[in-house]
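Text of the file data.txt, holding compact mmCIF, N, CA and C atoms:
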# COMPACT_ATOMS: atom_id res chain seq x y z
N MET R 1 -28.22 -7.70 -9.08
CA MET R 1 -27.37 -8.46 -9.98
C MET R 1 -26.81 -7.53 -11.04
N MET R 2 -25.49 -7.65 -11.29
CA MET R 2 -24.84 -6.78 -12.27
C MET R 2 -25.02 -7.35 -13.68
N PRO R 3 -25.28 -6.49 -14.68
CA PRO R 3 -25.35 -6.98 -16.06
C PRO R 3 -23.99 -7.54 -16.48
N ALA R 4 -24.01 -8.44 -17.46
CA ALA R 4 -22.78 -9.10 -17.91
C ALA R 4 -21.78 -8.11 -18.48
N ASP R 5 -22.25 -7.00 -19.04
CA ASP R 5 -21.34 -6.04 -19.64
C ASP R 5 -20.96 -4.90 -18.69
N ALA R 6 -21.32 -5.03 -17.42
CA ALA R 6 -20.98 -4.00 -16.43
C ALA R 6 -19.49 -4.00 -16.17
N PRO R 7 -18.91 -2.81 -15.94
CA PRO R 7 -17.47 -2.76 -15.65
C PRO R 7 -17.19 -3.41 -14.30
N PRO R 8 -15.96 -3.89 -14.12
CA PRO R 8 -15.62 -4.48 -12.82
C PRO R 8 -15.68 -3.42 -11.73
N PRO R 9 -15.81 -3.84 -10.47
CA PRO R 9 -15.83 -2.86 -9.38
C PRO R 9 -14.50 -2.12 -9.32
N PRO R 10 -14.49 -0.94 -8.72
CA PRO R 10 -13.24 -0.17 -8.63
C PRO R 10 -12.13 -0.96 -7.97
N ALA R 11 -10.91 -0.70 -8.40
CA ALA R 11 -9.74 -1.43 -7.90
C ALA R 11 -9.55 -1.26 -6.41
N ILE R 12 -10.03 -0.17 -5.83
CA ILE R 12 -9.79 0.05 -4.40
C ILE R 12 -10.41 -1.03 -3.54
N HIS R 13 -11.35 -1.78 -4.10
CA HIS R 13 -11.98 -2.84 -3.32
C HIS R 13 -11.06 -4.04 -3.13
N ARG R 14 -9.92 -4.04 -3.77
CA ARG R 14 -9.00 -5.16 -3.63
C ARG R 14 -8.20 -5.10 -2.34
N LEU R 15 -8.19 -3.98 -1.67
CA LEU R 15 -7.47 -3.89 -0.40
C LEU R 15 -8.33 -4.47 0.71
N ALA R 16 -7.77 -5.40 1.43
CA ALA R 16 -8.50 -6.00 2.56
C ALA R 16 -8.58 -4.99 3.70
N PRO R 17 -9.63 -5.05 4.49
CA PRO R 17 -9.68 -4.17 5.66
C PRO R 17 -8.64 -4.58 6.69
N CYS R 18 -8.25 -3.65 7.52
CA CYS R 18 -7.32 -3.97 8.60
C CYS R 18 -8.03 -4.82 9.65
N PRO R 19 -7.33 -5.78 10.21
CA PRO R 19 -7.92 -6.55 11.31
C PRO R 19 -7.99 -5.69 12.57
N ASP R 20 -8.60 -6.20 13.58
CA ASP R 20 -8.75 -5.47 14.83
C ASP R 20 -7.48 -5.61 15.68
N ARG R 21 -6.36 -5.26 15.08
CA ARG R 21 -5.06 -5.28 15.76
C ARG R 21 -4.31 -4.03 15.32
N PRO R 22 -3.44 -3.51 16.16
CA PRO R 22 -2.72 -2.27 15.81
C PRO R 22 -1.48 -2.49 14.95
N ASN R 23 -1.46 -3.53 14.12
CA ASN R 23 -0.30 -3.78 13.29
C ASN R 23 -0.61 -3.63 11.80
N CYS R 24 -1.57 -2.77 11.50
CA CYS R 24 -2.00 -2.56 10.12
C CYS R 24 -2.41 -1.10 9.95
N VAL R 25 -2.09 -0.54 8.78
CA VAL R 25 -2.57 0.78 8.41
C VAL R 25 -3.12 0.72 6.99
N SER R 26 -4.11 1.55 6.72
CA SER R 26 -4.73 1.56 5.40
C SER R 26 -5.34 2.93 5.13
N SER R 27 -5.25 3.35 3.88
CA SER R 27 -5.88 4.61 3.50
C SER R 27 -7.39 4.45 3.36
N LEU R 28 -7.89 3.23 3.42
CA LEU R 28 -9.32 2.99 3.37
C LEU R 28 -9.92 2.75 4.74
N ALA R 29 -9.10 2.71 5.77
CA ALA R 29 -9.60 2.50 7.13
C ALA R 29 -10.39 3.73 7.57
N GLU R 30 -11.45 3.49 8.30
CA GLU R 30 -12.28 4.59 8.78
C GLU R 30 -11.90 5.04 10.18
N ASP R 31 -11.23 4.17 10.93
CA ASP R 31 -10.85 4.54 12.30
C ASP R 31 -9.45 5.15 12.31
N ARG R 32 -9.25 6.05 13.23
CA ARG R 32 -8.00 6.82 13.33
C ARG R 32 -6.78 5.93 13.61
N ALA R 33 -6.97 4.86 14.37
CA ALA R 33 -5.85 3.99 14.74
C ALA R 33 -5.22 3.31 13.52
N HIS R 34 -6.02 3.03 12.51
CA HIS R 34 -5.52 2.32 11.34
C HIS R 34 -5.36 3.21 10.11
N ARG R 35 -5.85 4.42 10.15
CA ARG R 35 -5.92 5.28 8.97
C ARG R 35 -4.60 5.96 8.66
N VAL R 36 -4.24 5.94 7.39
CA VAL R 36 -3.18 6.76 6.83
C VAL R 36 -3.76 7.42 5.59
N GLU R 37 -3.19 8.52 5.19
CA GLU R 37 -3.67 9.20 3.98
C GLU R 37 -3.20 8.44 2.74
N ALA R 38 -4.03 8.45 1.72
CA ALA R 38 -3.64 7.88 0.43
C ALA R 38 -2.56 8.77 -0.19
N LEU R 39 -1.81 8.21 -1.10
CA LEU R 39 -0.84 8.99 -1.86
C LEU R 39 -1.58 9.69 -2.99
N ARG R 40 -1.14 10.86 -3.35
CA ARG R 40 -1.73 11.57 -4.50
C ARG R 40 -1.13 10.99 -5.77
N LEU R 41 -1.98 10.67 -6.71
CA LEU R 41 -1.52 10.17 -8.00
C LEU R 41 -0.87 11.32 -8.75
N ASP R 42 0.38 11.15 -9.08
CA ASP R 42 1.16 12.18 -9.77
C ASP R 42 1.54 11.65 -11.14
N GLY R 43 0.81 12.06 -12.16
CA GLY R 43 1.07 11.57 -13.51
C GLY R 43 0.24 10.35 -13.84
N LYS R 44 0.71 9.60 -14.83
CA LYS R 44 0.01 8.39 -15.26
C LYS R 44 0.19 7.29 -14.22
N PRO R 45 -0.83 6.45 -14.04
CA PRO R 45 -0.71 5.38 -13.03
C PRO R 45 0.51 4.49 -13.20
N GLU R 46 0.81 4.09 -14.42
CA GLU R 46 1.96 3.21 -14.63
C GLU R 46 3.29 3.89 -14.30
N GLU R 47 3.37 5.20 -14.54
CA GLU R 47 4.59 5.94 -14.20
C GLU R 47 4.71 6.10 -12.68
N ALA R 48 3.61 6.37 -12.03
CA ALA R 48 3.62 6.50 -10.57
C ALA R 48 4.02 5.18 -9.93
N LEU R 49 3.46 4.07 -10.42
CA LEU R 49 3.81 2.77 -9.86
C LEU R 49 5.26 2.40 -10.14
N ALA R 50 5.79 2.81 -11.28
CA ALA R 50 7.20 2.56 -11.58
C ALA R 50 8.09 3.32 -10.58
N ARG R 51 7.74 4.56 -10.28
CA ARG R 51 8.50 5.33 -9.29
C ARG R 51 8.40 4.68 -7.92
N LEU R 52 7.20 4.26 -7.55
CA LEU R 52 7.01 3.61 -6.25
C LEU R 52 7.76 2.29 -6.18
N ARG R 53 7.81 1.56 -7.27
CA ARG R 53 8.56 0.31 -7.29
C ARG R 53 10.04 0.57 -7.02
N GLU R 54 10.59 1.56 -7.67
CA GLU R 54 12.01 1.91 -7.44
C GLU R 54 12.25 2.28 -5.98
N ILE R 55 11.34 3.05 -5.42
CA ILE R 55 11.47 3.46 -4.01
C ILE R 55 11.45 2.24 -3.10
N ILE R 56 10.49 1.37 -3.32
CA ILE R 56 10.35 0.19 -2.48
C ILE R 56 11.53 -0.75 -2.63
N GLU R 57 11.97 -0.98 -3.85
CA GLU R 57 13.10 -1.88 -4.08
C GLU R 57 14.39 -1.36 -3.45
N ALA R 58 14.48 -0.06 -3.24
CA ALA R 58 15.67 0.52 -2.61
C ALA R 58 15.61 0.43 -1.08
N MET R 59 14.48 0.04 -0.54
CA MET R 59 14.33 -0.06 0.92
C MET R 59 14.92 -1.37 1.42
N PRO R 60 15.44 -1.38 2.63
CA PRO R 60 16.04 -2.60 3.17
C PRO R 60 15.02 -3.74 3.30
N ARG R 61 15.46 -4.92 2.93
CA ARG R 61 14.70 -6.17 3.11
C ARG R 61 13.34 -6.14 2.45
N ALA R 62 13.25 -5.48 1.29
CA ALA R 62 11.99 -5.37 0.55
C ALA R 62 12.05 -6.24 -0.70
N THR R 63 10.92 -6.83 -1.04
CA THR R 63 10.78 -7.60 -2.27
C THR R 63 9.47 -7.21 -2.93
N VAL R 64 9.54 -6.77 -4.17
CA VAL R 64 8.32 -6.49 -4.93
C VAL R 64 7.89 -7.80 -5.57
N ASP R 65 6.67 -8.22 -5.25
CA ASP R 65 6.17 -9.50 -5.73
C ASP R 65 5.30 -9.40 -6.97
N GLU R 66 4.60 -8.30 -7.11
CA GLU R 66 3.64 -8.19 -8.21
C GLU R 66 3.41 -6.73 -8.56
N VAL R 67 3.42 -6.44 -9.86
CA VAL R 67 3.10 -5.10 -10.33
C VAL R 67 2.15 -5.25 -11.51
N GLY R 68 1.03 -4.57 -11.45
CA GLY R 68 0.07 -4.57 -12.54
C GLY R 68 -0.13 -3.16 -13.03
N GLN R 69 -1.11 -2.98 -13.88
CA GLN R 69 -1.38 -1.65 -14.42
C GLN R 69 -1.83 -0.68 -13.34
N ALA R 70 -2.48 -1.20 -12.29
CA ALA R 70 -3.03 -0.31 -11.27
C ALA R 70 -2.76 -0.80 -9.85
N HIS R 71 -1.80 -1.71 -9.68
CA HIS R 71 -1.51 -2.18 -8.32
C HIS R 71 -0.06 -2.65 -8.19
N LEU R 72 0.37 -2.70 -6.95
CA LEU R 72 1.71 -3.20 -6.62
C LEU R 72 1.61 -3.92 -5.29
N LYS R 73 2.25 -5.09 -5.20
CA LYS R 73 2.31 -5.83 -3.94
C LYS R 73 3.78 -6.09 -3.61
N ALA R 74 4.12 -5.86 -2.35
CA ALA R 74 5.49 -6.07 -1.90
C ALA R 74 5.47 -6.64 -0.49
N ARG R 75 6.61 -7.15 -0.07
CA ARG R 75 6.73 -7.63 1.31
C ARG R 75 8.07 -7.17 1.87
N PHE R 76 8.06 -7.01 3.17
CA PHE R 76 9.24 -6.58 3.91
C PHE R 76 9.50 -7.59 5.01
N HIS R 77 10.77 -7.84 5.29
CA HIS R 77 11.14 -8.75 6.36
C HIS R 77 11.88 -7.97 7.44
N SER R 78 11.50 -8.20 8.69
CA SER R 78 12.19 -7.52 9.78
C SER R 78 13.61 -8.06 9.89
N ARG R 79 14.50 -7.24 10.36
CA ARG R 79 15.91 -7.60 10.41
C ARG R 79 16.18 -8.71 11.42
N LEU R 80 15.64 -8.61 12.58
CA LEU R 80 15.99 -9.54 13.64
C LEU R 80 15.26 -10.88 13.55
N PHE R 81 13.95 -10.85 13.53
CA PHE R 81 13.19 -12.09 13.58
C PHE R 81 12.64 -12.55 12.23
N ARG R 82 12.88 -11.74 11.17
CA ARG R 82 12.44 -12.05 9.83
C ARG R 82 10.92 -12.15 9.71
N PHE R 83 10.20 -11.37 10.53
CA PHE R 83 8.75 -11.28 10.38
C PHE R 83 8.44 -10.65 9.03
N THR R 84 7.31 -11.01 8.46
CA THR R 84 6.93 -10.49 7.15
C THR R 84 5.77 -9.50 7.29
N ASP R 85 5.92 -8.37 6.62
CA ASP R 85 4.86 -7.37 6.49
C ASP R 85 4.51 -7.27 5.02
N ASP R 86 3.23 -7.12 4.72
CA ASP R 86 2.76 -7.00 3.35
C ASP R 86 2.36 -5.56 3.07
N LEU R 87 2.75 -5.07 1.90
CA LEU R 87 2.39 -3.73 1.44
C LEU R 87 1.63 -3.88 0.13
N GLU R 88 0.52 -3.17 0.03
CA GLU R 88 -0.26 -3.16 -1.21
C GLU R 88 -0.56 -1.72 -1.59
N LEU R 89 -0.42 -1.41 -2.85
CA LEU R 89 -0.77 -0.11 -3.41
C LEU R 89 -1.76 -0.34 -4.54
N VAL R 90 -2.83 0.43 -4.57
CA VAL R 90 -3.85 0.30 -5.61
C VAL R 90 -4.21 1.70 -6.11
N VAL R 91 -4.12 1.89 -7.41
CA VAL R 91 -4.43 3.18 -8.02
C VAL R 91 -5.93 3.34 -8.18
N ASP R 92 -6.44 4.47 -7.74
CA ASP R 92 -7.81 4.89 -7.97
C ASP R 92 -7.70 6.15 -8.84
N ALA R 93 -7.52 5.93 -10.15
CA ALA R 93 -7.26 7.04 -11.07
C ALA R 93 -8.36 8.09 -11.09
N PRO R 94 -9.65 7.69 -11.10
CA PRO R 94 -10.69 8.74 -11.11
C PRO R 94 -10.60 9.68 -9.91
N ALA R 95 -10.17 9.17 -8.77
CA ALA R 95 -10.05 10.01 -7.57
C ALA R 95 -8.69 10.68 -7.48
N GLY R 96 -7.74 10.29 -8.34
CA GLY R 96 -6.40 10.86 -8.29
C GLY R 96 -5.61 10.40 -7.08
N LEU R 97 -5.86 9.15 -6.65
CA LEU R 97 -5.23 8.62 -5.44
C LEU R 97 -4.58 7.27 -5.67
N ILE R 98 -3.62 6.98 -4.82
CA ILE R 98 -3.06 5.63 -4.72
C ILE R 98 -3.33 5.19 -3.29
N HIS R 99 -4.21 4.20 -3.15
CA HIS R 99 -4.53 3.69 -1.82
C HIS R 99 -3.44 2.74 -1.38
N VAL R 100 -3.23 2.72 -0.08
CA VAL R 100 -2.13 1.93 0.49
C VAL R 100 -2.62 1.14 1.69
N ARG R 101 -2.05 -0.05 1.84
CA ARG R 101 -2.30 -0.89 3.02
C ARG R 101 -0.98 -1.56 3.36
N SER R 102 -0.59 -1.49 4.61
CA SER R 102 0.63 -2.15 5.08
C SER R 102 0.29 -2.84 6.39
N ALA R 103 0.60 -4.16 6.46
CA ALA R 103 0.19 -4.92 7.63
C ALA R 103 1.18 -6.03 7.93
N SER R 104 1.34 -6.32 9.21
CA SER R 104 2.14 -7.45 9.66
C SER R 104 1.33 -8.72 9.50
N ARG R 105 2.00 -9.80 9.13
CA ARG R 105 1.30 -11.08 8.99
C ARG R 105 1.01 -11.72 10.33
N VAL R 106 1.89 -11.53 11.28
CA VAL R 106 1.72 -12.17 12.59
C VAL R 106 1.88 -11.12 13.69
N GLY R 107 1.48 -11.49 14.88
CA GLY R 107 1.65 -10.60 16.03
C GLY R 107 0.50 -9.64 16.18
N ARG R 108 0.59 -8.89 17.24
CA ARG R 108 -0.47 -7.93 17.54
C ARG R 108 0.00 -6.49 17.32
N TRP R 109 1.16 -6.16 17.80
CA TRP R 109 1.66 -4.79 17.77
C TRP R 109 2.93 -4.75 16.93
N ASP R 110 3.08 -3.73 16.12
CA ASP R 110 4.26 -3.61 15.25
C ASP R 110 5.15 -2.43 15.61
N LEU R 111 4.88 -1.79 16.75
CA LEU R 111 5.66 -0.63 17.21
C LEU R 111 5.67 0.50 16.19
N GLY R 112 4.63 0.59 15.38
CA GLY R 112 4.51 1.67 14.40
C GLY R 112 5.29 1.46 13.12
N VAL R 113 5.82 0.27 12.92
CA VAL R 113 6.66 0.00 11.75
C VAL R 113 5.89 0.21 10.44
N ASN R 114 4.68 -0.30 10.36
CA ASN R 114 3.93 -0.17 9.11
C ASN R 114 3.56 1.28 8.81
N ARG R 115 3.14 2.01 9.81
CA ARG R 115 2.83 3.44 9.62
C ARG R 115 4.08 4.20 9.20
N ASN R 116 5.20 3.95 9.86
CA ASN R 116 6.45 4.64 9.52
C ASN R 116 6.91 4.29 8.11
N ARG R 117 6.71 3.05 7.71
CA ARG R 117 7.09 2.63 6.36
C ARG R 117 6.27 3.38 5.31
N VAL R 118 4.97 3.46 5.53
CA VAL R 118 4.11 4.17 4.58
C VAL R 118 4.52 5.63 4.50
N GLU R 119 4.83 6.25 5.61
CA GLU R 119 5.23 7.66 5.59
C GLU R 119 6.59 7.85 4.93
N ALA R 120 7.50 6.87 5.08
CA ALA R 120 8.79 6.94 4.39
C ALA R 120 8.59 6.82 2.88
N ILE R 121 7.71 5.94 2.47
CA ILE R 121 7.40 5.79 1.05
C ILE R 121 6.77 7.07 0.53
N ARG R 122 5.84 7.65 1.29
CA ARG R 122 5.20 8.91 0.88
C ARG R 122 6.25 10.01 0.68
N SER R 123 7.16 10.15 1.63
CA SER R 123 8.19 11.20 1.53
C SER R 123 9.07 11.00 0.30
N ALA R 124 9.50 9.76 0.08
CA ALA R 124 10.35 9.48 -1.07
C ALA R 124 9.59 9.70 -2.39
N TYR R 125 8.32 9.34 -2.41
CA TYR R 125 7.49 9.53 -3.60
C TYR R 125 7.33 11.01 -3.91
N LEU R 126 7.08 11.82 -2.89
CA LEU R 126 6.95 13.27 -3.10
C LEU R 126 8.26 13.89 -3.60
N GLU R 127 9.36 13.43 -3.02
CA GLU R 127 10.67 13.95 -3.44
C GLU R 127 11.02 13.54 -4.86
N SER R 128 10.53 12.39 -5.30
CA SER R 128 10.88 11.90 -6.64
C SER R 128 10.06 12.52 -7.75
N GLY R 129 9.01 13.27 -7.36
CA GLY R 129 8.09 13.81 -8.37
C GLY R 129 8.47 15.08 -8.91
Hey, can you dump this file as structure tokens for me?
Amino acid sequence: MMPADAPPPPAIHRLAPCPDRPNCVSSLAEDRAHRVEALRLDGKPEEALARLREIIEAMPRATVDEVGQAHLKARFHSRLFRFTDDLELVVDAPAGLIHVRSASRVGRWDLGVNRNRVEAIRSAYLESG
């Protein structure tokens, strides 16, 4: 049992694990099929998230739904069938990382869309720094 004055658990615990389907990637996944590398925290968390928000908002069919001091949630809609994918970013400042999870809400296979999206965000983030 945690004492009442104990700090909350690290923010990285807010990312849900990937389901047993190939339509999700996460920097916290332990298996190779779902694993992507976390982003390196570059500067203050709020500045990094502001840069990432700009990057995401510039992407086609993207909507940023929530931004906090250490997290960002967004969704993407596919062009043809309007399927929704969820993207979550969570800052782990002590580790100098931004953890990422991108997953399709429905279906089994995403043809690599979520992995490609994370890598596109990573590239744009590195270029913007």
Please measure the separation of atom N of R:Arg21 and atom N of R:Trp109, giving the value in Å to one decimal.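 Going from atom N of R:Arg21 over to atom N of R:Trp109, I get 8.0 Å.
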Smallest atom-to-atom distance to R:Asn23: which of R:Ser104, R:Ser123, R:Asn116, R:Ser128, using all atoms listed in the file?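 Among R:Ser104, R:Ser123, R:Asn116, R:Ser128, it is R:Ser104 that comes nearest to R:Asn23.
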So that I can check the secondary structure, give me every residue of chain R assigned helix (DSSP H, G or I) by backbone DSSP, as a VMD selection string. chain R and resid 11 to 14 45 to 57 93 to 95 113 to 128
Identify, on the basis of only N, CA and C atoms, every residue whose closest approach to R:Ala74 does not exceed 6.5 Å; exclude the query and any residue fewer than 5 positions from it along the same chain; express the result as an NGL selection string. :R and (63-66 or 85-89)
Counting all atoms listed in the file, the option among R:Ser78, R:Pro60, R:Val100, R:His71 closest to R:Ala29: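 Looking only at the distances to R:Ala29, the closest residue turns out to be R:Val100.
Minimum distance to R:Pro19 across R:Ala103, R:Ala124, R:Leu72, R:Val36 (counting only N, CA and C atoms) occurs at R:Ala103.
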Backbone DSSP call of strand (DSSP E) for stretch 53-129 of chain R, listed as a ChimeraX atom specification: /R:62-67,71-77,84-92,97-104
When you count all atoms listed in the file, which of these residues is closest to R:Ala93: R:Leu28, R:Leu52, R:Ala70, R:Ala33?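 Among the listed residues, R:Ala70 lies closest to R:Ala93.
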Take stretch 105-128 of chain R from the preceding structure and save N, CA and C atoms as an mmCIF file, in the first residue's frame.
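And here is the file that came out, selection-v7.cif:
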data_model
loop_
_atom_site.group_PDB
_atom_site.id
_atom_site.type_symbol
_atom_site.label_atom_id
_atom_site.label_comp_id
_atom_site.auth_asym_id
_atom_site.auth_seq_id
_atom_site.Cartn_x
_atom_site.Cartn_y
_atom_site.Cartn_z
ATOM 1 N N ARG R 105 -8.227 1.576 -34.048
ATOM 2 C CA ARG R 105 -9.337 1.214 -33.159
ATOM 3 C C ARG R 105 -10.009 -0.077 -33.588
ATOM 4 N N VAL R 106 -10.053 -0.324 -34.875
ATOM 5 C CA VAL R 106 -10.736 -1.521 -35.378
ATOM 6 C C VAL R 106 -9.816 -2.258 -36.351
ATOM 7 N N GLY R 107 -10.190 -3.475 -36.655
ATOM 8 C CA GLY R 107 -9.431 -4.257 -37.628
ATOM 9 C C GLY R 107 -8.282 -5.000 -36.999
ATOM 10 N N ARG R 108 -7.640 -5.759 -37.826
ATOM 11 C CA ARG R 108 -6.516 -6.569 -37.351
ATOM 12 C C ARG R 108 -5.183 -6.042 -37.877
ATOM 13 N N TRP R 109 -5.111 -5.737 -39.136
ATOM 14 C CA TRP R 109 -3.865 -5.339 -39.782
ATOM 15 C C TRP R 109 -4.005 -3.915 -40.299
ATOM 16 N N ASP R 110 -2.977 -3.118 -40.151
ATOM 17 C CA ASP R 110 -3.030 -1.722 -40.593
ATOM 18 C C ASP R 110 -2.071 -1.424 -41.740
ATOM 19 N N LEU R 111 -1.468 -2.473 -42.316
ATOM 20 C CA LEU R 111 -0.516 -2.321 -43.422
ATOM 21 C C LEU R 111 0.669 -1.425 -43.056
ATOM 22 N N GLY R 112 1.008 -1.377 -41.779
ATOM 23 C CA GLY R 112 2.154 -0.593 -41.329
ATOM 24 C C GLY R 112 1.892 0.889 -41.153
ATOM 25 N N VAL R 113 0.637 1.293 -41.229
ATOM 26 C CA VAL R 113 0.300 2.720 -41.156
ATOM 27 C C VAL R 113 0.744 3.339 -39.829
ATOM 28 N N ASN R 114 0.473 2.673 -38.723
ATOM 29 C CA ASN R 114 0.832 3.251 -37.431
ATOM 30 C C ASN R 114 2.344 3.363 -37.253
ATOM 31 N N ARG R 115 3.072 2.346 -37.643
ATOM 32 C CA ARG R 115 4.539 2.399 -37.560
ATOM 33 C C ARG R 115 5.082 3.518 -38.457
ATOM 34 N N ASN R 116 4.576 3.615 -39.679
ATOM 35 C CA ASN R 116 5.032 4.661 -40.600
ATOM 36 C C ASN R 116 4.708 6.052 -40.071
ATOM 37 N N ARG R 117 3.553 6.191 -39.435
ATOM 38 C CA ARG R 117 3.167 7.490 -38.874
ATOM 39 C C ARG R 117 4.133 7.899 -37.763
ATOM 40 N N VAL R 118 4.438 6.964 -36.879
ATOM 41 C CA VAL R 118 5.366 7.268 -35.787
ATOM 42 C C VAL R 118 6.724 7.661 -36.347
ATOM 43 N N GLU R 119 7.199 6.967 -37.358
ATOM 44 C CA GLU R 119 8.503 7.298 -37.940
ATOM 45 C C GLU R 119 8.468 8.644 -38.664
ATOM 46 N N ALA R 120 7.334 8.993 -39.275
ATOM 47 C CA ALA R 120 7.200 10.314 -39.908
ATOM 48 C C ALA R 120 7.229 11.412 -38.852
ATOM 49 N N ILE R 121 6.559 11.180 -37.738
ATOM 50 C CA ILE R 121 6.575 12.146 -36.643
ATOM 51 C C ILE R 121 7.981 12.272 -36.093
ATOM 52 N N ARG R 122 8.673 11.144 -35.915
ATOM 53 C CA ARG R 122 10.053 11.168 -35.418
ATOM 54 C C ARG R 122 10.948 12.006 -36.341
ATOM 55 N N SER R 123 10.849 11.775 -37.640
ATOM 56 C CA SER R 123 11.681 12.516 -38.604
ATOM 57 C C SER R 123 11.408 14.013 -38.538
ATOM 58 N N ALA R 124 10.132 14.373 -38.506
ATOM 59 C CA ALA R 124 9.772 15.790 -38.456
ATOM 60 C C ALA R 124 10.222 16.419 -37.132
ATOM 61 N N TYR R 125 10.120 15.680 -36.052
ATOM 62 C CA TYR R 125 10.541 16.169 -34.738
ATOM 63 C C TYR R 125 12.045 16.415 -34.721
ATOM 64 N N LEU R 126 12.819 15.486 -35.272
ATOM 65 C CA LEU R 126 14.274 15.655 -35.333
ATOM 66 C C LEU R 126 14.663 16.855 -36.194
ATOM 67 N N GLU R 127 13.967 17.005 -37.310
ATOM 68 C CA GLU R 127 14.251 18.137 -38.205
ATOM 69 C C GLU R 127 13.890 19.475 -37.572
ATOM 70 N N SER R 128 12.884 19.481 -36.700
ATOM 71 C CA SER R 128 12.429 20.742 -36.112
ATOM 72 C C SER R 128 13.271 21.198 -34.936
#
